[in-house]
Amino acid sequence: KRTGSEIDYGFAGDIDRVDAVRVGSLIQAGLTPVFCAITHDGRGQLLNTNADTIASELAQGLCVDFEVELIYCFEKDGVLEDLDDEASVVGRMDFKKFQKMKSEGAIAEGMLPKLDNSFEALRSGVARVIIGKPELLTDADRKHTELTL
């Protein structure tokens, strides 16, 4: 359960650890584990945890033993320079550009945790982070945003 703040977040959860050994053994066995955003507090209380955070934490935990690419899929082609212009996709975004866009208010609220998690993953050793529409999974040339440090 999310703690450490004066704000009561209700039933919001955070990740305190990833069992990378267990997840890695599933992958090495040829299985594809699927995770959801419902976690628990260890005492039976279900919690809603940000799916972007779960993906980032898993990527960070697994990058010790695997080369990991983190791909965030959502309804846009990538991070937009101008929220009103769907064609204004930022092809490459480094941390400096992210900070600048964030300070200018150019990053929409829902994109903030995705980008914060993305840069944390890169700093932790994740090889590559990409943001875009699900179609980029089958079309490598599709427009998207790639993040770099």
# chains A, B, ... in the order shown; residues from 1 in each chain; ligands from 1

$ residues_around --residues "region 40-52 of chain A" --least-positions-apart "3" --cutoff "8 Å" --atoms "only C-alpha atoms" --output "VMD selection string"
chain A and resid 1 11 to 15 36 to 37 55 to 56 72 113 to 114 117

$ write_last_selection --atoms "N, CA, C and O atoms" --output "PDB file, in the first residue's frame"
ATOM      1  N   LYS A   1       0.855  -1.174   0.000  1.00  0.00           N
ATOM      2  CA  LYS A   1       0.000   0.000   0.000  1.00  0.00           C
ATOM      3  C   LYS A   1       0.894   1.227   0.000  1.00  0.00           C
ATOM      4  O   LYS A   1       1.891   1.289   0.712  1.00  0.00           O
ATOM      5  N   PHE A  11      -6.565   2.740  -1.870  1.00  0.00           N
ATOM      6  CA  PHE A  11      -6.089   1.397  -2.174  1.00  0.00           C
ATOM      7  C   PHE A  11      -5.115   1.380  -3.345  1.00  0.00           C
ATOM      8  O   PHE A  11      -5.141   0.482  -4.177  1.00  0.00           O
ATOM      9  N   ALA A  12      -4.248   2.390  -3.407  1.00  0.00           N
ATOM     10  CA  ALA A  12      -3.190   2.432  -4.417  1.00  0.00           C
ATOM     11  C   ALA A  12      -1.984   1.666  -3.896  1.00  0.00           C
ATOM     12  O   ALA A  12      -1.627   1.760  -2.723  1.00  0.00           O
ATOM     13  N   GLY A  13      -1.374   0.899  -4.781  1.00  0.00           N
ATOM     14  CA  GLY A  13      -0.215   0.112  -4.384  1.00  0.00           C
ATOM     15  C   GLY A  13       1.050   0.583  -5.061  1.00  0.00           C
ATOM     16  O   GLY A  13       1.014   1.266  -6.077  1.00  0.00           O
ATOM     17  N   ASP A  14       2.168   0.218  -4.489  1.00  0.00           N
ATOM     18  CA  ASP A  14       3.483   0.429  -5.076  1.00  0.00           C
ATOM     19  C   ASP A  14       4.226  -0.902  -5.041  1.00  0.00           C
ATOM     20  O   ASP A  14       3.881  -1.802  -4.266  1.00  0.00           O
ATOM     21  N   ILE A  15       5.245  -1.027  -5.845  1.00  0.00           N
ATOM     22  CA  ILE A  15       6.042  -2.258  -5.906  1.00  0.00           C
ATOM     23  C   ILE A  15       7.202  -2.123  -4.921  1.00  0.00           C
ATOM     24  O   ILE A  15       7.947  -1.143  -4.968  1.00  0.00           O
ATOM     25  N   CYS A  36      -0.803  -8.190 -14.095  1.00  0.00           N
ATOM     26  CA  CYS A  36      -1.881  -7.202 -14.101  1.00  0.00           C
ATOM     27  C   CYS A  36      -1.595  -6.143 -13.040  1.00  0.00           C
ATOM     28  O   CYS A  36      -0.687  -6.291 -12.234  1.00  0.00           O
ATOM     29  N   ALA A  37      -2.385  -5.088 -13.066  1.00  0.00           N
ATOM     30  CA  ALA A  37      -2.144  -3.954 -12.175  1.00  0.00           C
ATOM     31  C   ALA A  37      -2.777  -4.144 -10.793  1.00  0.00           C
ATOM     32  O   ALA A  37      -2.719  -3.246  -9.970  1.00  0.00           O
ATOM     33  N   ALA A  55       5.411  -2.498 -15.097  1.00  0.00           N
ATOM     34  CA  ALA A  55       6.237  -2.833 -16.260  1.00  0.00           C
ATOM     35  C   ALA A  55       7.680  -2.366 -16.069  1.00  0.00           C
ATOM     36  O   ALA A  55       8.628  -3.108 -16.354  1.00  0.00           O
ATOM     37  N   SER A  56       7.856  -1.163 -15.578  1.00  0.00           N
ATOM     38  CA  SER A  56       9.192  -0.620 -15.359  1.00  0.00           C
ATOM     39  C   SER A  56       9.949  -1.413 -14.296  1.00  0.00           C
ATOM     40  O   SER A  56      11.125  -1.747 -14.470  1.00  0.00           O
ATOM     41  N   TYR A  72       6.078   0.623 -24.030  1.00  0.00           N
ATOM     42  CA  TYR A  72       4.786   1.099 -23.536  1.00  0.00           C
ATOM     43  C   TYR A  72       3.880   1.349 -24.735  1.00  0.00           C
ATOM     44  O   TYR A  72       4.210   2.141 -25.614  1.00  0.00           O
ATOM     45  N   PRO A 113       3.939   9.713 -15.326  1.00  0.00           N
ATOM     46  CA  PRO A 113       4.460   8.499 -14.693  1.00  0.00           C
ATOM     47  C   PRO A 113       5.107   7.552 -15.708  1.00  0.00           C
ATOM     48  O   PRO A 113       6.095   6.887 -15.395  1.00  0.00           O
ATOM     49  N   LYS A 114       4.572   7.512 -16.922  1.00  0.00           N
ATOM     50  CA  LYS A 114       5.148   6.647 -17.957  1.00  0.00           C
ATOM     51  C   LYS A 114       6.587   7.091 -18.258  1.00  0.00           C
ATOM     52  O   LYS A 114       7.492   6.268 -18.336  1.00  0.00           O
ATOM     53  N   ASN A 117       8.945   6.577 -15.160  1.00  0.00           N
ATOM     54  CA  ASN A 117       9.297   5.163 -15.081  1.00  0.00           C
ATOM     55  C   ASN A 117      10.263   4.767 -16.190  1.00  0.00           C
ATOM     56  O   ASN A 117      11.174   3.960 -15.978  1.00  0.00           O
TER      57      ASN A 117
END

$ residues_around --residues "Gly78 (chain A)" --least-positions-apart "4" --cutoff "7 Å" --atoms "only C-alpha atoms" --output "PDB file with C-alpha atoms, in the first residue's frame"
ATOM      1  CA  VAL A  89       5.589  12.802 -32.359  1.00  0.00           C
ATOM      2  CA  VAL A  90       8.964  13.250 -30.682  1.00  0.00           C
ATOM      3  CA  ILE A 131       6.487   4.442 -26.455  1.00  0.00           C
ATOM      4  CA  GLY A 132       3.801   4.208 -29.138  1.00  0.00           C
ATOM      5  CA  HIS A 144       7.093   6.030 -32.114  1.00  0.00           C
ATOM      6  CA  THR A 145       9.173   7.700 -29.413  1.00  0.00           C
TER       7      THR A 145
END

$ atom_distance --atom1 "CA of Leu70 (chain A)" --atom2 "CA of Ile130 (chain A)"
6.4 Å

$ closest_residue --among "A:Leu58, A:Val79, A:Ile27, A:Val64" --to "Ile107 (chain A)" --atoms "only C-alpha atoms"
A:Val79

$ closest_residue --among "A:Ala29, A:Met101, A:Val21, A:Leu115" --to "Ile71 (chain A)" --atoms "only C-alpha atoms"
A:Leu115

$ atom_distance --atom1 "CA of Thr3 (chain A)" --atom2 "CA of Asp116 (chain A)"
18.9 Å

$ closest_residue --among "A:Met111, A:Ala121, A:Val34, A:Cys73" --to "Glu135 (chain A)" --atoms "only C-alpha atoms"
A:Cys73

$ select_by_dssp --residues "region 37-69 of chain A" --states "strand (DSSP E or B)" --output "list of chain:residue names"
A:Ile38, A:Thr39, A:His40, A:Leu46, A:Leu47, A:Asn48, A:Thr49, A:Glu69
